[in-house]
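Notes to accompany the following structure.
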Amino acid sequence: MAVTPHSPARRSTAHAPLAAIAAAACLLAAGCAGTAKKPQEGALPASDAATLAALDAALAGDHRAQANKARDAYRHPKETLAFFGLRQDMTVMEIWPGAGGWYTEVIAPVVRDKGRYIAAGWDAKLDNKFIQDGVKAYQAKLDARPDVFGKVQVAALQFPTAMQPVPAGSVDMVVTFRNIHNWMGRDSAKQMFEAMFAALKPGGILGVVEHRAGTTAPQDPKAASGYVREDYAIELAKSVGFEFVAASEINANPKDTKDYDQGVWTLPPTLRLGDRDRDRFLAIGESDRFTLRFRKPAAQAH
């Protein structure tokens, strides 16, 4: 099976103030970034002060490349993870962290001592050089800093060869960033959501960020442009049993016109057109993205 994941594309220029997030346990009880919806009763509590401080320390850590730190202004990692309700004592599984492990740098140090971080990436058993090289590069990143990443657990989650990265009902939180379009392109989006649902404990949280398509055209089932309609993603998650909890505009970018010949990869950091209209695309910034929080029903039996 030949599988080559789409090139990832990136973040918006809109930014929710940190003060608004830190205040009053910041997030879900009152909603986040202005347009967040009221969470359902029984959702996990918001990130506590100790977790927010640990996020600050991780974001400032010397294990992060300067290029990755420069993207914090677009990816809003602290605000995003706080919106999801990350806590230091959680078992957190990230789906498809990629060869570079951008969010691994942020989450793994936070949960290292009191929780657990699981990287559920591509299946290295597949006969695909891109995937095998990516898995090796990710492992090399972990090996280079055992003081930070020594407790990271690596697993595989990829349709159809590796669909159970962890025992069912063993994870507090699953997160994935800009991957739904990859799964749609390979007709495996529903199966991947089913696998994430199965991995979560009853009451567990799924946090999703994805490039947001406009609402004037039907959803391309292959998501060839890299953009996914927000309502489509919500219904996809609900179709496998998730309850929709809240949405946030933390990662919104109204400058993104979403009408580029090379899709979302026209924008930074990919800049697929090279120097052509480079300044224009840099001025737009990274893509407009929706940020969603779902919950596995607390009564769900395994």
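Labels used: A, B, ... for chains in the order of the structure tokens, numbers from 1 for residues in each chain, and numbers from 1 for ligands as shown.
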
For this session: List every residue of stretch 45-250 of chain A that DSSP, applied to the backbone of this structure, assigns to strand (DSSP E), and report them as a PyMOL selection string.
Result: chain A and resi 91-95+116-121+153-156+171-177+200-211+243-248

Store the residues of this selection in a file with N, CA, C and O atoms, as a short mmCIF file (atom, residue, chain, number, x, y, z; two decimals), in the first residue's frame.
```cif
data_model
loop_
_atom_site.label_atom_id
_atom_site.label_comp_id
_atom_site.auth_asym_id
_atom_site.auth_seq_id
_atom_site.Cartn_x
_atom_site.Cartn_y
_atom_site.Cartn_z
N THR A 91 -3.23 11.22 30.32
CA THR A 91 -2.65 10.44 29.24
C THR A 91 -3.17 11.04 27.94
O THR A 91 -4.37 11.02 27.68
N VAL A 92 -2.25 11.61 27.16
CA VAL A 92 -2.61 12.34 25.94
C VAL A 92 -2.03 11.61 24.74
O VAL A 92 -0.83 11.29 24.71
N MET A 93 -2.86 11.36 23.75
CA MET A 93 -2.39 10.75 22.51
C MET A 93 -2.55 11.75 21.38
O MET A 93 -3.66 12.23 21.11
N GLU A 94 -1.46 12.07 20.71
CA GLU A 94 -1.52 12.92 19.52
C GLU A 94 -1.49 12.04 18.29
O GLU A 94 -0.66 11.14 18.16
N ILE A 95 -2.41 12.31 17.36
CA ILE A 95 -2.51 11.53 16.13
C ILE A 95 -1.73 12.23 15.02
O ILE A 95 -1.95 13.40 14.74
N ARG A 116 1.16 11.05 30.65
CA ARG A 116 1.82 10.27 29.61
C ARG A 116 1.49 10.86 28.25
O ARG A 116 0.35 11.31 28.02
N TYR A 117 2.47 10.88 27.35
CA TYR A 117 2.27 11.36 25.99
C TYR A 117 2.51 10.19 25.03
O TYR A 117 3.56 9.54 25.09
N ILE A 118 1.53 9.94 24.16
CA ILE A 118 1.62 8.88 23.18
C ILE A 118 1.57 9.52 21.79
O ILE A 118 0.64 10.26 21.48
N ALA A 119 2.55 9.21 20.97
CA ALA A 119 2.59 9.70 19.60
C ALA A 119 2.11 8.58 18.69
O ALA A 119 2.83 7.60 18.47
N ALA A 120 0.91 8.70 18.18
CA ALA A 120 0.34 7.70 17.28
C ALA A 120 0.54 8.19 15.84
O ALA A 120 -0.25 8.96 15.32
N GLY A 121 1.62 7.74 15.24
CA GLY A 121 2.00 8.24 13.92
C GLY A 121 1.75 7.25 12.81
O GLY A 121 0.94 6.32 12.93
N GLN A 153 5.82 7.57 24.37
CA GLN A 153 5.43 6.25 23.83
C GLN A 153 5.05 6.43 22.37
O GLN A 153 4.22 7.27 22.03
N VAL A 154 5.66 5.65 21.50
CA VAL A 154 5.40 5.73 20.07
C VAL A 154 4.52 4.56 19.65
O VAL A 154 4.79 3.41 20.00
N ALA A 155 3.47 4.86 18.90
CA ALA A 155 2.56 3.84 18.39
C ALA A 155 2.20 4.19 16.95
O ALA A 155 2.63 5.22 16.43
N ALA A 156 1.44 3.33 16.31
CA ALA A 156 1.02 3.57 14.93
C ALA A 156 -0.50 3.57 14.85
O ALA A 156 -1.17 2.75 15.48
N VAL A 171 -7.19 6.33 27.22
CA VAL A 171 -6.61 7.65 27.00
C VAL A 171 -7.57 8.74 27.49
O VAL A 171 -8.78 8.66 27.26
N ASP A 172 -7.03 9.76 28.15
CA ASP A 172 -7.85 10.88 28.63
C ASP A 172 -8.16 11.89 27.54
O ASP A 172 -9.23 12.49 27.52
N MET A 173 -7.19 12.13 26.67
CA MET A 173 -7.34 13.16 25.64
C MET A 173 -6.64 12.71 24.36
O MET A 173 -5.54 12.16 24.40
N VAL A 174 -7.30 12.94 23.23
CA VAL A 174 -6.71 12.75 21.91
C VAL A 174 -6.70 14.11 21.22
O VAL A 174 -7.68 14.84 21.28
N VAL A 175 -5.58 14.43 20.59
CA VAL A 175 -5.48 15.68 19.84
C VAL A 175 -4.92 15.39 18.45
O VAL A 175 -4.13 14.47 18.28
N THR A 176 -5.35 16.17 17.48
CA THR A 176 -4.81 16.06 16.14
C THR A 176 -4.91 17.41 15.46
O THR A 176 -5.89 18.14 15.64
N PHE A 177 -3.89 17.73 14.69
CA PHE A 177 -3.75 19.06 14.11
C PHE A 177 -3.58 18.97 12.60
O PHE A 177 -2.61 18.40 12.11
N LEU A 200 -10.31 6.54 23.62
CA LEU A 200 -10.63 7.42 24.74
C LEU A 200 -11.41 6.71 25.84
O LEU A 200 -12.25 5.85 25.59
N LYS A 201 -11.14 7.13 27.06
CA LYS A 201 -11.95 6.72 28.20
C LYS A 201 -13.34 7.37 28.07
O LYS A 201 -13.48 8.43 27.44
N PRO A 202 -14.38 6.80 28.69
CA PRO A 202 -15.66 7.51 28.75
C PRO A 202 -15.45 8.88 29.38
O PRO A 202 -14.78 9.01 30.41
N GLY A 203 -15.98 9.92 28.76
CA GLY A 203 -15.78 11.28 29.23
C GLY A 203 -14.52 11.92 28.69
O GLY A 203 -14.28 13.11 28.94
N GLY A 204 -13.71 11.17 27.95
CA GLY A 204 -12.46 11.70 27.40
C GLY A 204 -12.70 12.74 26.32
O GLY A 204 -13.77 12.81 25.71
N ILE A 205 -11.68 13.53 26.05
CA ILE A 205 -11.79 14.69 25.16
C ILE A 205 -11.00 14.48 23.87
O ILE A 205 -9.87 13.97 23.89
N LEU A 206 -11.60 14.87 22.76
CA LEU A 206 -10.93 14.96 21.46
C LEU A 206 -10.79 16.43 21.09
O LEU A 206 -11.78 17.16 21.06
N GLY A 207 -9.57 16.88 20.81
CA GLY A 207 -9.31 18.23 20.35
C GLY A 207 -8.82 18.22 18.92
O GLY A 207 -7.89 17.46 18.58
N VAL A 208 -9.44 19.03 18.07
CA VAL A 208 -9.15 19.01 16.63
C VAL A 208 -8.90 20.42 16.13
O VAL A 208 -9.65 21.36 16.45
N VAL A 209 -7.85 20.57 15.33
CA VAL A 209 -7.61 21.81 14.58
C VAL A 209 -7.48 21.42 13.12
O VAL A 209 -6.84 20.42 12.78
N GLU A 210 -8.11 22.20 12.22
CA GLU A 210 -8.04 21.90 10.79
C GLU A 210 -8.22 23.17 9.99
O GLU A 210 -8.85 24.14 10.44
N HIS A 211 -7.65 23.17 8.78
CA HIS A 211 -7.85 24.27 7.84
C HIS A 211 -9.34 24.38 7.52
O HIS A 211 -9.97 23.38 7.14
N GLU A 243 -19.73 13.66 21.22
CA GLU A 243 -20.58 14.81 21.51
C GLU A 243 -19.77 16.08 21.25
O GLU A 243 -18.63 16.20 21.69
N PHE A 244 -20.36 17.01 20.53
CA PHE A 244 -19.71 18.29 20.27
C PHE A 244 -19.82 19.15 21.54
O PHE A 244 -20.90 19.36 22.07
N VAL A 245 -18.68 19.64 22.00
CA VAL A 245 -18.63 20.42 23.24
C VAL A 245 -18.52 21.91 22.96
O VAL A 245 -19.32 22.71 23.45
N ALA A 246 -17.53 22.32 22.18
CA ALA A 246 -17.32 23.76 21.98
C ALA A 246 -16.43 24.00 20.77
O ALA A 246 -15.66 23.13 20.35
N ALA A 247 -16.53 25.22 20.22
CA ALA A 247 -15.67 25.67 19.14
C ALA A 247 -15.02 26.98 19.57
O ALA A 247 -15.57 27.73 20.37
N SER A 248 -13.84 27.25 19.06
CA SER A 248 -13.13 28.48 19.37
C SER A 248 -12.55 29.09 18.11
O SER A 248 -12.21 28.38 17.16
#
```

Exercise. Could you state the separation of atom CA of A:Lys114 and atom CA of A:Ala82 in Å, given to one decimal place?
Worked result: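 Rounded to one decimal, the two atoms are 17.0 Å apart.
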
For this session: Would you list the contacts of A:Ala237 as a PyMOL selection string, taking every protein, DNA or RNA residue within 9 Å and counting only C-alpha atoms, but skipping same-chain residues closer than 4 positions in sequence?
Result: chain A and resi 190+193-194+197+232-233+241-244+294

For this session: Considering only C-alpha atoms, state which residue in the set A:Ala144, A:Ile131, A:Leu55, A:Val264 is at the smallest distance from A:Arg112.
Result: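 Ranking A:Ala144, A:Ile131, A:Leu55, A:Val264 by distance to A:Arg112, first place goes to A:Leu55.
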
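Computed from the coordinates, the atom CA of A:Gly100 to atom CA of A:Tyr74 distance equals 16.8 Å.
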
Polymer residues at most 8 Å from stretch 76-78 of chain A, only C-alpha atoms, same-chain spacing of 2 or more positions, as a short mmCIF file (atom, residue, chain, number, x, y, z; two decimals) with C-alpha atoms, in the first residue's frame:
```
data_model
loop_
_atom_site.label_atom_id
_atom_site.label_comp_id
_atom_site.auth_asym_id
_atom_site.auth_seq_id
_atom_site.Cartn_x
_atom_site.Cartn_y
_atom_site.Cartn_z
CA HIS A 15 -4.74 35.62 18.37
CA LEU A 52 -0.53 26.66 32.19
CA LEU A 55 3.07 25.06 29.07
CA ASP A 56 4.96 28.34 29.42
CA ASP A 72 3.78 30.11 18.01
CA ALA A 73 2.26 33.40 16.86
CA TYR A 74 0.28 31.46 14.24
CA THR A 80 -5.27 25.87 21.96
CA LEU A 81 -4.24 23.25 24.51
CA ALA A 82 -5.86 25.22 27.31
CA TYR A 103 3.29 19.65 19.16
CA VAL A 106 4.94 21.27 23.65
CA ILE A 250 -8.31 30.99 18.58
CA ASN A 251 -6.82 29.93 15.25
#
```

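A straight line drawn from atom CA of A:Ala58 to atom CA of A:Ile107 is 7.8 Å long.
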
Problem set entry | A:Leu126, A:Leu142, A:Ala137, A:Ala195 ranked by distance to A:Thr161, top pick (using only C-alpha atoms) |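 Of A:Leu126, A:Leu142, A:Ala137, A:Ala195, the one nearest A:Thr161 is A:Leu126, counting only C-alpha atoms.
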
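Closest to A:Pro297 among A:Gly61, A:Gly134, A:Pro97, A:Gly169 is A:Gly169, based on only C-alpha atoms.
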
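Residues in contact with A:Arg212 at up to 10 Å, not including ones fewer than 4 positions away on its chain and judged by only C-alpha atoms, are A:Arg178, A:Gly226, A:Tyr227, A:Val228, A:Arg229, A:Glu230, A:Asp231, A:Ala233, A:Asn251, A:Ala252, A:Asn253, A:Asp256, A:Lys258, A:Val264, A:Ser287, A:Asp288, A:Arg289, A:Phe290, A:Thr291.
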
Could those residues be written to a file, using C-alpha atoms, as an mmCIF file, in the first residue's frame?
```
data_model
loop_
_atom_site.group_PDB
_atom_site.id
_atom_site.type_symbol
_atom_site.label_atom_id
_atom_site.label_comp_id
_atom_site.auth_asym_id
_atom_site.auth_seq_id
_atom_site.Cartn_x
_atom_site.Cartn_y
_atom_site.Cartn_z
ATOM 1 C CA ARG A 178 -4.544 19.594 10.418
ATOM 2 C CA GLY A 226 -6.501 20.943 2.234
ATOM 3 C CA TYR A 227 -9.564 22.824 3.512
ATOM 4 C CA VAL A 228 -12.438 21.163 5.402
ATOM 5 C CA ARG A 229 -15.796 22.683 6.247
ATOM 6 C CA GLU A 230 -16.262 23.094 9.995
ATOM 7 C CA ASP A 231 -19.803 21.761 9.928
ATOM 8 C CA ALA A 233 -15.953 17.955 10.606
ATOM 9 C CA ASN A 251 -6.815 29.931 15.247
ATOM 10 C CA ALA A 252 -9.005 31.965 12.906
ATOM 11 C CA ASN A 253 -7.528 34.077 10.109
ATOM 12 C CA ASP A 256 -7.241 33.678 4.260
ATOM 13 C CA LYS A 258 -8.998 29.947 0.508
ATOM 14 C CA VAL A 264 -3.697 25.698 1.505
ATOM 15 C CA SER A 287 -4.395 29.378 7.118
ATOM 16 C CA ASP A 288 -7.742 30.060 8.727
ATOM 17 C CA ARG A 289 -8.426 27.146 11.083
ATOM 18 C CA PHE A 290 -11.271 25.892 13.198
ATOM 19 C CA THR A 291 -10.567 24.599 16.696
#
```
